[in-house]
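coords.cif follows; it contains mmCIF, C-alpha atoms.
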```cif
data_upload
loop_
_atom_site.label_atom_id
_atom_site.label_comp_id
_atom_site.auth_asym_id
_atom_site.auth_seq_id
_atom_site.Cartn_x
_atom_site.Cartn_y
_atom_site.Cartn_z
CA MET Y 858 -12.43 5.27 -17.69
CA THR Y 859 -11.11 2.76 -20.19
CA SER Y 860 -9.43 -0.39 -19.01
CA ARG Y 861 -5.68 -0.22 -18.58
CA ARG Y 862 -5.09 -3.91 -19.23
CA ASN Y 863 -3.60 -3.08 -22.62
CA PHE Y 864 -0.89 -1.07 -20.90
CA ILE Y 865 0.52 -4.09 -19.09
CA THR Y 866 3.76 -5.16 -20.69
CA LYS Y 867 6.33 -7.83 -20.21
CA SER Y 868 10.11 -7.99 -20.19
CA ALA Y 869 12.94 -10.44 -20.00
CA LEU Y 870 13.03 -9.98 -16.25
CA ALA Y 871 9.92 -12.17 -15.86
CA SER Y 872 8.34 -14.98 -17.78
CA ALA Y 873 6.02 -14.24 -20.65
CA ALA Y 874 3.34 -15.98 -18.60
CA LEU Y 875 3.14 -12.94 -16.37
CA VAL Y 876 0.72 -11.10 -18.63
CA SER Y 877 -1.62 -14.10 -18.72
CA ALA Y 878 -1.33 -14.93 -15.04
CA PRO Y 879 -4.49 -15.82 -13.12
CA PHE Y 880 -4.37 -12.68 -11.01
CA ASN Y 881 -3.38 -10.29 -13.80
CA THR Y 882 -6.23 -11.36 -16.06
CA ALA Y 883 -8.96 -12.33 -13.65
CA ARG Y 884 -8.35 -9.51 -11.24
CA SER Y 885 -7.65 -6.76 -13.75
CA GLU Y 886 -11.41 -6.27 -13.72
CA THR Y 887 -11.19 -5.21 -10.06
CA LYS Y 888 -12.77 -1.80 -9.73
CA ILE Y 889 -12.91 0.78 -7.00
CA PRO Y 890 -16.18 2.70 -6.86
CA PHE Y 891 -15.05 6.31 -6.93
CA ALA Y 892 -17.50 9.15 -6.51
CA ALA Y 893 -18.13 11.18 -9.60
CA PRO Y 894 -18.02 15.00 -9.44
CA GLN Y 895 -21.05 17.12 -8.52
CA GLY Y 896 -22.92 14.41 -6.65
CA LEU Y 897 -23.32 12.03 -9.59
CA ALA Y 898 -23.58 8.32 -8.98
CA ARG Y 899 -20.33 6.53 -8.28
CA THR Y 900 -18.53 5.23 -11.33
CA PRO Y 901 -15.96 2.41 -11.40
CA ILE Y 902 -12.31 2.82 -12.27
CA ASP Y 903 -10.07 -0.06 -13.21
CA PHE Y 904 -7.04 -0.96 -11.19
CA PRO Y 905 -4.39 -1.78 -13.79
CA ALA Y 906 -3.55 -5.19 -12.24
CA ILE Y 907 -3.71 -6.91 -8.90
CA HIS Y 908 -0.08 -6.04 -8.11
CA GLY Y 909 1.41 -2.59 -7.57
CA ILE Y 910 4.47 -1.33 -5.75
CA GLY Y 911 4.96 0.49 -2.46
CA GLY Y 912 7.32 3.44 -2.18
CA VAL Y 913 9.01 3.04 1.21
CA ALA Y 914 12.32 1.96 -0.34
CA PHE Y 915 12.28 4.97 -2.65
CA GLY Y 916 12.51 7.11 0.49
CA ASN Y 917 15.55 5.17 1.73
CA GLY Y 918 13.51 3.06 4.08
CA PHE Y 919 15.73 0.70 6.14
CA HIS Y 920 18.82 1.52 4.03
CA LYS Y 921 20.12 3.95 1.42
CA ASN Y 922 19.16 3.47 -2.20
CA SER Y 923 20.72 5.57 -4.93
CA ASN Y 924 18.72 7.50 -7.49
CA ALA Y 925 20.04 5.14 -10.17
CA ALA Y 926 19.03 2.03 -8.23
CA THR Y 927 15.57 3.47 -7.60
CA THR Y 928 15.10 4.20 -11.30
CA GLN Y 929 16.17 0.66 -12.18
CA THR Y 930 13.73 -0.75 -9.62
CA LEU Y 931 10.88 1.32 -11.01
CA GLN Y 932 11.78 0.43 -14.59
CA ALA Y 933 11.76 -3.27 -13.72
CA ALA Y 934 8.36 -2.85 -12.11
CA TRP Y 935 7.03 -1.03 -15.16
CA ASP Y 936 8.48 -3.63 -17.54
CA ASN Y 937 6.74 -6.34 -15.54
CA GLY Y 938 3.28 -4.83 -15.70
CA VAL Y 939 3.13 -2.62 -12.59
CA ARG Y 940 0.95 0.41 -13.21
CA TYR Y 941 -0.06 1.33 -9.67
CA PHE Y 942 2.44 3.21 -7.50
CA ASP Y 943 1.99 4.18 -3.86
CA THR Y 944 4.06 6.80 -2.07
CA SER Y 945 3.87 9.37 0.74
CA PRO Y 946 5.48 12.64 1.87
CA TRP Y 947 6.55 10.69 4.95
CA TYR Y 948 8.69 8.25 2.96
CA GLY Y 949 12.10 9.84 3.20
CA LEU Y 950 10.47 13.19 3.98
CA GLY Y 951 9.64 13.91 0.37
CA LEU Y 952 12.36 11.79 -1.25
CA SER Y 953 10.07 8.96 -2.37
CA GLU Y 954 7.66 11.36 -4.08
CA ARG Y 955 10.48 13.21 -5.84
CA ARG Y 956 12.04 10.01 -7.16
CA LEU Y 957 8.73 8.51 -8.22
CA GLY Y 958 7.71 11.74 -9.92
CA HIS Y 959 10.99 11.78 -11.85
CA PHE Y 960 10.28 8.30 -13.21
CA LEU Y 961 6.59 8.76 -13.94
CA PHE Y 962 7.20 12.08 -15.70
CA GLU Y 963 8.42 10.05 -18.67
CA GLN Y 964 5.20 7.99 -18.80
CA LYS Y 965 1.79 8.88 -20.16
CA ARG Y 966 -0.46 10.03 -17.32
CA GLU Y 967 -3.36 7.85 -18.42
CA ASP Y 968 -1.15 4.74 -18.25
CA PHE Y 969 -0.78 4.57 -14.45
CA LEU Y 970 -2.48 5.06 -11.10
CA ILE Y 971 -0.79 6.77 -8.18
CA SER Y 972 -1.63 7.23 -4.53
CA THR Y 973 0.00 9.39 -1.92
CA LYS Y 974 -0.89 10.41 1.62
CA VAL Y 975 -1.77 13.34 3.86
CA GLY Y 976 -1.41 14.08 7.56
CA ARG Y 977 2.15 15.33 7.70
CA VAL Y 978 3.10 18.67 6.16
CA LEU Y 979 6.78 19.10 5.33
CA GLU Y 980 8.85 22.18 6.10
CA PRO Y 981 12.32 22.95 4.69
CA ASN Y 982 15.07 22.68 7.28
CA ALA Y 983 18.65 22.43 6.03
CA GLY Y 984 19.92 21.66 9.53
CA PHE Y 985 17.35 19.01 10.32
CA THR Y 986 18.76 15.87 11.93
CA PRO Y 987 16.43 12.88 11.68
CA ASN Y 988 15.53 10.67 14.60
CA PRO Y 989 17.85 7.63 14.41
CA ASP Y 990 14.89 5.44 15.36
CA LEU Y 991 13.12 6.32 12.10
CA LEU Y 992 13.30 4.15 8.99
CA TRP Y 993 14.78 6.82 6.75
CA GLU Y 994 18.47 6.78 5.90
CA GLY Y 995 20.61 9.32 4.11
CA LYS Y 996 20.32 13.07 3.68
CA LEU Y 997 17.06 14.72 4.72
CA ASN Y 998 16.28 18.41 4.20
CA PHE Y 999 12.81 18.56 5.72
CA LYS Y 1000 10.99 18.20 8.98
CA HIS Y 1001 7.30 17.50 9.42
CA ASN Y 1002 4.29 18.67 11.38
CA TYR Y 1003 1.06 16.71 11.81
CA ASP Y 1004 -1.91 18.48 10.30
CA TYR Y 1005 -5.26 16.80 9.67
CA THR Y 1006 -7.17 20.06 9.14
CA ALA Y 1007 -8.80 20.95 5.84
CA GLU Y 1008 -6.13 23.58 5.19
CA GLY Y 1009 -3.29 21.23 6.07
CA VAL Y 1010 -4.60 18.47 3.86
CA ARG Y 1011 -5.10 20.85 0.93
CA LYS Y 1012 -1.52 22.12 1.32
CA SER Y 1013 -0.17 18.57 1.60
CA VAL Y 1014 -1.88 17.52 -1.62
CA GLU Y 1015 -0.64 20.59 -3.48
CA ASP Y 1016 2.91 20.05 -2.19
CA SER Y 1017 2.78 16.41 -3.28
CA LEU Y 1018 1.65 17.42 -6.75
CA HIS Y 1019 4.67 19.71 -7.01
CA ARG Y 1020 7.08 17.01 -5.84
CA LEU Y 1021 5.51 14.46 -8.20
CA GLY Y 1022 5.23 16.84 -11.14
CA LEU Y 1023 1.57 15.92 -11.66
CA ALA Y 1024 -1.64 17.90 -12.07
CA SER Y 1025 -3.89 15.40 -10.27
CA LEU Y 1026 -3.81 12.32 -8.07
CA ASP Y 1027 -5.79 9.11 -8.20
CA ILE Y 1028 -5.99 8.18 -4.52
CA VAL Y 1029 -5.10 9.99 -1.29
CA PHE Y 1030 -4.80 8.13 2.01
CA VAL Y 1031 -5.03 9.79 5.43
CA HIS Y 1032 -1.77 8.51 6.86
CA ASP Y 1033 -0.88 7.07 10.27
CA LEU Y 1034 -3.90 8.49 12.07
CA SER Y 1035 -3.74 5.44 14.27
CA PRO Y 1036 -3.12 4.32 17.88
CA ASP Y 1037 0.14 2.61 16.89
CA ASN Y 1038 1.65 5.96 15.86
CA GLY Y 1039 3.98 6.73 18.75
CA ASP Y 1040 3.91 10.45 17.98
CA LEU Y 1041 0.17 10.59 18.55
CA GLY Y 1042 -0.34 7.97 21.23
CA LYS Y 1043 -3.71 8.25 22.98
CA ASP Y 1044 -4.20 11.64 21.31
CA TRP Y 1045 -4.89 9.91 18.01
CA VAL Y 1046 -8.61 10.16 18.80
CA LYS Y 1047 -8.32 13.95 19.11
CA HIS Y 1048 -6.55 14.09 15.78
CA PHE Y 1049 -9.23 11.83 14.30
CA GLU Y 1050 -11.89 14.30 15.41
CA ILE Y 1051 -9.92 17.06 13.67
CA ALA Y 1052 -9.74 14.93 10.52
CA GLN Y 1053 -13.45 14.14 10.71
CA LYS Y 1054 -14.24 17.85 10.56
CA GLY Y 1055 -11.33 18.85 8.33
CA ALA Y 1056 -9.47 16.24 6.28
CA PHE Y 1057 -12.41 13.97 5.42
CA PRO Y 1058 -14.79 16.60 4.01
CA GLU Y 1059 -11.90 18.39 2.29
CA LEU Y 1060 -10.84 15.18 0.53
CA THR Y 1061 -14.43 14.60 -0.50
CA LYS Y 1062 -14.46 18.14 -1.89
CA MET Y 1063 -11.24 17.45 -3.83
CA ARG Y 1064 -12.87 14.32 -5.19
CA GLU Y 1065 -15.83 16.37 -6.41
CA GLU Y 1066 -13.43 18.90 -7.93
CA GLY Y 1067 -11.62 16.16 -9.85
CA LEU Y 1068 -8.29 16.89 -8.16
CA ILE Y 1069 -8.35 13.34 -6.78
CA LYS Y 1070 -10.48 10.32 -7.70
CA GLY Y 1071 -10.83 8.73 -4.27
CA TRP Y 1072 -9.60 8.69 -0.70
CA GLY Y 1073 -9.45 6.59 2.45
CA MET Y 1074 -7.35 5.73 5.47
CA GLY Y 1075 -3.77 4.44 5.23
CA VAL Y 1076 -3.11 2.83 8.62
CA ASN Y 1077 -1.64 -0.20 10.40
CA THR Y 1078 -4.55 -0.84 12.78
CA PRO Y 1079 -8.28 -1.53 12.35
CA GLN Y 1080 -9.78 1.14 14.64
CA PRO Y 1081 -9.31 4.16 12.32
CA ILE Y 1082 -10.69 2.25 9.35
CA LEU Y 1083 -13.82 1.21 11.21
CA LYS Y 1084 -14.35 4.71 12.63
CA CYS Y 1085 -13.91 6.31 9.21
CA LEU Y 1086 -16.47 3.96 7.69
CA GLU Y 1087 -18.95 5.14 10.33
CA VAL Y 1088 -18.50 8.90 9.93
CA ALA Y 1089 -17.33 9.54 6.35
CA ASP Y 1090 -17.62 8.45 2.74
CA PRO Y 1091 -14.27 6.87 1.79
CA ASP Y 1092 -13.60 4.89 -1.37
CA VAL Y 1093 -10.63 2.65 -0.62
CA MET Y 1094 -8.52 1.76 2.42
CA LEU Y 1095 -4.80 1.07 2.57
CA VAL Y 1096 -4.86 -1.87 4.97
CA ALA Y 1097 -1.22 -2.08 6.04
CA ILE Y 1098 0.35 -5.05 7.89
CA GLN Y 1099 -3.11 -6.21 8.93
CA TYR Y 1100 -3.81 -8.77 6.23
CA SER Y 1101 -0.90 -11.08 5.51
CA LEU Y 1102 -0.17 -14.78 5.46
CA ALA Y 1103 1.25 -14.38 8.97
CA GLU Y 1104 -1.55 -12.30 10.53
CA HIS Y 1105 -5.03 -11.81 9.09
CA LYS Y 1106 -7.76 -13.00 11.47
CA ASN Y 1107 -9.04 -9.58 12.55
CA ALA Y 1108 -8.95 -8.03 9.08
CA LEU Y 1109 -10.66 -11.09 7.64
CA ASN Y 1110 -13.51 -11.27 10.16
CA GLU Y 1111 -14.05 -7.63 11.18
CA VAL Y 1112 -12.43 -5.06 8.90
CA PHE Y 1113 -13.16 -6.54 5.48
CA PRO Y 1114 -16.83 -7.30 6.20
CA ALA Y 1115 -17.33 -3.70 7.37
CA MET Y 1116 -15.67 -2.42 4.21
CA GLU Y 1117 -17.72 -4.68 1.96
CA LYS Y 1118 -20.94 -3.32 3.45
CA LYS Y 1119 -19.89 0.16 2.35
CA ASP Y 1120 -18.55 -1.00 -1.04
CA VAL Y 1121 -15.04 0.10 -0.05
CA SER Y 1122 -12.04 -1.70 -1.56
CA ALA Y 1123 -8.71 -2.57 0.03
CA VAL Y 1124 -5.12 -1.99 -1.01
CA ILE Y 1125 -2.85 -4.33 0.94
CA GLY Y 1126 0.29 -2.63 2.22
CA GLY Y 1127 3.09 -4.57 3.87
CA PRO Y 1128 1.94 -7.93 2.43
CA LEU Y 1129 5.32 -9.44 3.31
CA ASN Y 1130 5.46 -7.83 6.77
CA ALA Y 1131 8.45 -5.73 5.61
CA GLY Y 1132 10.25 -8.73 4.14
CA PHE Y 1133 9.56 -11.23 6.92
CA LEU Y 1134 7.51 -13.43 4.58
CA ALA Y 1135 10.31 -13.25 2.03
CA ASN Y 1136 12.43 -14.88 4.75
CA ARG Y 1137 14.19 -11.66 5.69
CA ASP Y 1138 15.17 -11.22 9.34
CA ARG Y 1139 12.84 -8.26 9.80
CA TRP Y 1140 9.33 -7.84 11.14
CA ASN Y 1141 7.21 -4.91 10.03
CA TYR Y 1142 8.73 -1.48 10.74
CA GLY Y 1143 11.18 -2.21 13.53
CA GLY Y 1144 11.84 -4.13 16.71
CA LYS Y 1145 12.56 -7.79 17.28
CA MET Y 1146 10.87 -10.54 15.35
CA PRO Y 1147 8.13 -12.12 17.49
CA GLN Y 1148 9.13 -15.65 18.40
CA ASP Y 1149 5.67 -17.03 17.68
CA MET Y 1150 5.85 -15.56 14.18
CA VAL Y 1151 9.32 -16.99 13.62
CA GLU Y 1152 8.03 -20.43 14.59
CA LYS Y 1153 4.97 -19.99 12.39
CA ARG Y 1154 7.17 -19.04 9.44
CA GLU Y 1155 9.29 -22.15 9.94
CA LYS Y 1156 6.19 -24.33 9.78
CA MET Y 1157 4.97 -22.52 6.68
CA ASN Y 1158 8.31 -22.91 4.94
CA ALA Y 1159 8.31 -26.63 5.70
CA ILE Y 1160 5.00 -26.98 3.86
CA VAL Y 1161 5.64 -24.53 1.04
CA ASN Y 1162 9.01 -26.03 0.13
CA ASN Y 1163 7.32 -29.36 -0.62
CA TYR Y 1164 5.40 -27.74 -3.46
CA ASP Y 1165 8.35 -26.15 -5.28
CA VAL Y 1166 7.23 -22.56 -4.61
CA ASP Y 1167 8.65 -19.94 -2.28
CA LEU Y 1168 7.05 -18.32 0.73
CA ARG Y 1169 7.01 -14.84 -0.84
CA THR Y 1170 4.92 -16.09 -3.75
CA VAL Y 1171 2.44 -17.81 -1.45
CA ALA Y 1172 2.22 -14.71 0.75
CA LEU Y 1173 1.54 -12.33 -2.14
CA GLN Y 1174 -1.08 -14.53 -3.78
CA PHE Y 1175 -2.73 -15.06 -0.39
CA CYS Y 1176 -3.32 -11.31 -0.06
CA ALA Y 1177 -4.62 -11.05 -3.60
CA ALA Y 1178 -7.23 -13.79 -3.23
CA HIS Y 1179 -9.74 -11.90 -1.08
CA PRO Y 1180 -12.52 -10.32 -3.18
CA VAL Y 1181 -12.36 -6.98 -1.32
CA VAL Y 1182 -8.70 -6.56 -2.34
CA ALA Y 1183 -8.09 -4.31 -5.34
CA SER Y 1184 -4.29 -4.31 -5.23
CA VAL Y 1185 -1.32 -5.71 -3.34
CA ILE Y 1186 1.70 -3.41 -3.08
CA PRO Y 1187 4.93 -5.07 -1.90
CA GLY Y 1188 7.96 -2.83 -1.74
CA ALA Y 1189 11.25 -3.34 -3.55
CA SER Y 1190 14.66 -1.72 -3.38
CA THR Y 1191 16.28 -3.49 -6.34
CA ALA Y 1192 15.27 -4.37 -9.87
CA GLU Y 1193 15.60 -8.05 -9.01
CA GLN Y 1194 13.20 -7.76 -6.08
CA SER Y 1195 10.74 -5.83 -8.19
CA ALA Y 1196 10.79 -8.42 -10.96
CA ALA Y 1197 10.53 -11.29 -8.48
CA ASN Y 1198 7.49 -9.75 -6.79
CA ALA Y 1199 5.74 -9.29 -10.11
CA ALA Y 1200 6.60 -12.80 -11.25
CA SER Y 1201 5.13 -14.26 -8.05
CA PHE Y 1202 1.65 -13.43 -9.31
CA SER Y 1203 2.12 -15.69 -12.37
CA VAL Y 1204 2.90 -18.85 -10.41
CA LYS Y 1205 0.20 -21.51 -10.13
CA ILE Y 1206 -0.07 -22.64 -6.52
CA PRO Y 1207 -1.53 -26.13 -5.96
CA ALA Y 1208 -4.80 -26.25 -4.05
CA ASP Y 1209 -3.27 -28.89 -1.77
CA LEU Y 1210 -0.81 -26.31 -0.42
CA TRP Y 1211 -3.61 -24.06 0.76
CA ALA Y 1212 -5.48 -27.03 2.19
CA GLU Y 1213 -2.42 -28.11 4.14
CA LEU Y 1214 -1.88 -24.63 5.56
CA LYS Y 1215 -5.48 -24.65 6.76
CA GLU Y 1216 -5.24 -28.18 8.10
CA GLU Y 1217 -2.20 -27.19 10.17
CA LYS Y 1218 -4.09 -24.08 11.36
CA LEU Y 1219 -1.44 -21.77 9.94
CA ILE Y 1220 -4.10 -19.75 8.14
CA GLU Y 1221 -7.76 -19.24 9.02
CA GLU Y 1222 -10.19 -21.92 7.87
CA ASN Y 1223 -12.58 -19.36 6.32
CA VAL Y 1224 -9.98 -17.30 4.48
CA PRO Y 1225 -10.30 -17.11 0.66
CA VAL Y 1226 -7.39 -18.68 -1.22
#
```

Please render this file's structure as structure tokens.
Amino acid sequence: MTSRRNFITKSALASAALVSAPFNTARSETKIPFAAPQGLARTPIDFPAIHGIGGVAFGNGFHKNSNAATTQTLQAAWDNGVRYFDTSPWYGLGLSERRLGHFLFEQKREDFLISTKVGRVLEPNAGFTPNPDLLWEGKLNFKHNYDYTAEGVRKSVEDSLHRLGLASLDIVFVHDLSPDNGDLGKDWVKHFEIAQKGAFPELTKMREEGLIKGWGMGVNTPQPILKCLEVADPDVMLVAIQYSLAEHKNALNEVFPAMEKKDVSAVIGGPLNAGFLANRDRWNYGGKMPQDMVEKREKMNAIVNNYDVDLRTVALQFCAAHPVVASVIPGASTAEQSAANAASFSVKIPADLWAELKEEKLIEENVPV
């Protein structure tokens, strides 16, 4: 496929330097080795830029966002060079996909990449009352059932295409098939065995059909990624809340090396730990902020502030620096947040800042920066 670098644009929301930023130019050559149809050798596909956007907020994650605000957020992302969009049926039980599809319907299909997820099949239910412990706010008209079978995954992809208004997808992630998923608990291994026989070969078949270009796991823990690498032929992994400025040791030393051996790229989800590294009082997807992380953040801020940059910028560029990483996808619920995230990739961070973080043992000594 032709490079999409020429599609990256700029706007008044960010500096003109954004389109010539180190990550946007140097890393726009990042490629994911997708399998070609009918057993041909794998062929590379360009990621449009190192930075994309995650779709949790478009599903009213953490708080309500209006349709108008979501459109403004997406427009700001587009105007600032974002061409990779990640979503899921789980995000607002279909709401994120519907909103994203509405925006992308106005764009040329060849101008953007999109990923969504499988594992939960939605069912209409006008009387459905969501669990108050979930992230999703506002009106919900669907419930979900877990289904990692071949049939369930095929239906999930087709339903997503309808909600998005698209004829094909770029990437599909097998979602939340992980021990941290409270719905699955210890049974996640049983569901993984179902996926190994059902979802994985079916996604490979879709890849050969041209319905999707690649697939992988989209999870918050390392075990499913490592198991999938052993038993299947994935292309890219959504490594969520595992590789961030705050926590990265295991992904750095175990997960990424295993992926590199199989020529599998990483998309980094939750690079700010749900806003924590943007100095929000929130850690990942719920619960109290760990005290050790709060103290670590304070030490990082003390160093970062001496270099006239902000912690969010350092955190996003940290995730982008590893060679296995194809894209970093922070979320945003406002146009301002979207523009700020994109602009963070254009900032030049002094080498002394990284050296000081390593010297103070706030990041791993062997981590690429």

task: Skip Ala1178 in chain Y itself and residues of its chain fewer than 4 positions away, then list as a list in words all residues within 8 Å of it, counting all atoms listed in the file.
output: Gln1174, Val1182, Pro1225 and Val1226 of chain Y

message: Rounded to one decimal, what separation in Å do you get between CA of Lys1215 in chain Y and CA of Leu1129 in chain Y?
response: 19.0 Å

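Straight-line separation from CA of Lys1156 in chain Y to CA of Glu1221 in chain Y: 14.9 Å.
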
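Reported to one decimal place, the separation of CA of Asp1016 in chain Y from CA of Trp947 in chain Y is 12.3 Å.
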
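Between Leu1214 in chain Y and the candidates Y:Val1181, Y:Leu1168, Y:Ala1189, Y:Met1074, the tightest atom-to-atom separation, counting all atoms listed in the file, involves Y:Leu1168.
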
task: Apply the PyMOL selection byres ((chain Y and resi 1160) around 12) to the displayed file and report the matching residues as a PyMOL selection string.
output: chain Y and resi 1153-1159+1161-1168+1171+1207+1209-1217+1219

Given the file shown, enumerate the residues that the PyMOL selection byres ((chain Y and resi 1172) around 9) captures and present them as a PDB file with C-alpha atoms, keeping the file's coordinate frame.
```
ATOM      1  CA  SER Y1101      -0.900 -11.080   5.510  1.00  0.00           C
ATOM      2  CA  LEU Y1102      -0.170 -14.780   5.460  1.00  0.00           C
ATOM      3  CA  ALA Y1103       1.250 -14.380   8.970  1.00  0.00           C
ATOM      4  CA  PRO Y1128       1.940  -7.930   2.430  1.00  0.00           C
ATOM      5  CA  LEU Y1129       5.320  -9.440   3.310  1.00  0.00           C
ATOM      6  CA  LEU Y1134       7.510 -13.430   4.580  1.00  0.00           C
ATOM      7  CA  ALA Y1135      10.310 -13.250   2.030  1.00  0.00           C
ATOM      8  CA  ASP Y1167       8.650 -19.940  -2.280  1.00  0.00           C
ATOM      9  CA  LEU Y1168       7.050 -18.320   0.730  1.00  0.00           C
ATOM     10  CA  ARG Y1169       7.010 -14.840  -0.840  1.00  0.00           C
ATOM     11  CA  THR Y1170       4.920 -16.090  -3.750  1.00  0.00           C
ATOM     12  CA  VAL Y1171       2.440 -17.810  -1.450  1.00  0.00           C
ATOM     13  CA  LEU Y1173       1.540 -12.330  -2.140  1.00  0.00           C
ATOM     14  CA  GLN Y1174      -1.080 -14.530  -3.780  1.00  0.00           C
ATOM     15  CA  PHE Y1175      -2.730 -15.060  -0.390  1.00  0.00           C
ATOM     16  CA  CYS Y1176      -3.320 -11.310  -0.060  1.00  0.00           C
ATOM     17  CA  ALA Y1177      -4.620 -11.050  -3.600  1.00  0.00           C
TER      18      ALA Y1177
END
```

Just save range 1047-1053 of chain Y with all heavy atoms, as a PDB file, in the first residue's frame.
```
ATOM      1  N   LYS Y1047     -10.019 -21.133  29.858  1.00  0.00           N
ATOM      2  CA  LYS Y1047     -11.002 -21.894  29.086  1.00  0.00           C
ATOM      3  C   LYS Y1047     -11.460 -21.096  27.866  1.00  0.00           C
ATOM      4  O   LYS Y1047     -11.605 -21.644  26.762  1.00  0.00           O
ATOM      5  CB  LYS Y1047     -12.198 -22.254  29.962  1.00  0.00           C
ATOM      6  CG  LYS Y1047     -11.866 -23.196  31.112  1.00  0.00           C
ATOM      7  CD  LYS Y1047     -13.111 -23.496  31.923  1.00  0.00           C
ATOM      8  CE  LYS Y1047     -12.789 -24.416  33.099  1.00  0.00           C
ATOM      9  NZ  LYS Y1047     -13.976 -24.688  33.937  1.00  0.00           N
ATOM     10  N   HIS Y1048     -11.695 -19.823  28.073  1.00  0.00           N
ATOM     11  CA  HIS Y1048     -12.088 -18.973  26.944  1.00  0.00           C
ATOM     12  C   HIS Y1048     -10.953 -18.846  25.935  1.00  0.00           C
ATOM     13  O   HIS Y1048     -11.197 -18.750  24.721  1.00  0.00           O
ATOM     14  CB  HIS Y1048     -12.520 -17.596  27.452  1.00  0.00           C
ATOM     15  CG  HIS Y1048     -13.856 -17.576  28.117  1.00  0.00           C
ATOM     16  ND1 HIS Y1048     -15.037 -17.442  27.417  1.00  0.00           N
ATOM     17  CD2 HIS Y1048     -14.209 -17.689  29.422  1.00  0.00           C
ATOM     18  CE1 HIS Y1048     -16.056 -17.466  28.258  1.00  0.00           C
ATOM     19  NE2 HIS Y1048     -15.581 -17.612  29.482  1.00  0.00           N
ATOM     20  N   PHE Y1049      -9.707 -18.820  26.425  1.00  0.00           N
ATOM     21  CA  PHE Y1049      -8.568 -18.760  25.512  1.00  0.00           C
ATOM     22  C   PHE Y1049      -8.514 -20.007  24.636  1.00  0.00           C
ATOM     23  O   PHE Y1049      -8.231 -19.923  23.428  1.00  0.00           O
ATOM     24  CB  PHE Y1049      -7.259 -18.610  26.297  1.00  0.00           C
ATOM     25  CG  PHE Y1049      -6.061 -18.350  25.424  1.00  0.00           C
ATOM     26  CD1 PHE Y1049      -5.631 -17.056  25.171  1.00  0.00           C
ATOM     27  CD2 PHE Y1049      -5.364 -19.406  24.836  1.00  0.00           C
ATOM     28  CE1 PHE Y1049      -4.528 -16.816  24.349  1.00  0.00           C
ATOM     29  CE2 PHE Y1049      -4.270 -19.170  24.020  1.00  0.00           C
ATOM     30  CZ  PHE Y1049      -3.858 -17.873  23.776  1.00  0.00           C
ATOM     31  N   GLU Y1050      -8.802 -21.158  25.227  1.00  0.00           N
ATOM     32  CA  GLU Y1050      -8.813 -22.400  24.450  1.00  0.00           C
ATOM     33  C   GLU Y1050      -9.896 -22.363  23.378  1.00  0.00           C
ATOM     34  O   GLU Y1050      -9.708 -22.864  22.263  1.00  0.00           O
ATOM     35  CB  GLU Y1050      -9.018 -23.585  25.392  1.00  0.00           C
ATOM     36  CG  GLU Y1050      -7.826 -23.833  26.322  1.00  0.00           C
ATOM     37  CD  GLU Y1050      -8.111 -24.878  27.377  1.00  0.00           C
ATOM     38  OE1 GLU Y1050      -9.290 -25.314  27.481  1.00  0.00           O
ATOM     39  OE2 GLU Y1050      -7.181 -25.263  28.106  1.00  0.00           O
ATOM     40  N   ILE Y1051     -11.046 -21.754  23.720  1.00  0.00           N
ATOM     41  CA  ILE Y1051     -12.102 -21.578  22.719  1.00  0.00           C
ATOM     42  C   ILE Y1051     -11.612 -20.671  21.594  1.00  0.00           C
ATOM     43  O   ILE Y1051     -11.804 -20.957  20.407  1.00  0.00           O
ATOM     44  CB  ILE Y1051     -13.374 -20.992  23.372  1.00  0.00           C
ATOM     45  CG1 ILE Y1051     -13.984 -21.999  24.348  1.00  0.00           C
ATOM     46  CG2 ILE Y1051     -14.393 -20.580  22.305  1.00  0.00           C
ATOM     47  CD1 ILE Y1051     -15.114 -21.442  25.180  1.00  0.00           C
ATOM     48  N   ALA Y1052     -10.947 -19.567  21.968  1.00  0.00           N
ATOM     49  CA  ALA Y1052     -10.437 -18.636  20.969  1.00  0.00           C
ATOM     50  C   ALA Y1052      -9.363 -19.272  20.107  1.00  0.00           C
ATOM     51  O   ALA Y1052      -9.282 -19.022  18.894  1.00  0.00           O
ATOM     52  CB  ALA Y1052      -9.884 -17.390  21.657  1.00  0.00           C
ATOM     53  N   GLN Y1053      -8.540 -20.114  20.719  1.00  0.00           N
ATOM     54  CA  GLN Y1053      -7.468 -20.773  19.970  1.00  0.00           C
ATOM     55  C   GLN Y1053      -8.028 -21.644  18.854  1.00  0.00           C
ATOM     56  O   GLN Y1053      -7.455 -21.730  17.766  1.00  0.00           O
ATOM     57  CB  GLN Y1053      -6.620 -21.610  20.927  1.00  0.00           C
ATOM     58  CG  GLN Y1053      -5.442 -22.295  20.261  1.00  0.00           C
ATOM     59  CD  GLN Y1053      -4.590 -23.087  21.249  1.00  0.00           C
ATOM     60  OE1 GLN Y1053      -4.670 -22.859  22.459  1.00  0.00           O
ATOM     61  NE2 GLN Y1053      -3.805 -24.020  20.760  1.00  0.00           N
TER      62      GLN Y1053
END
```
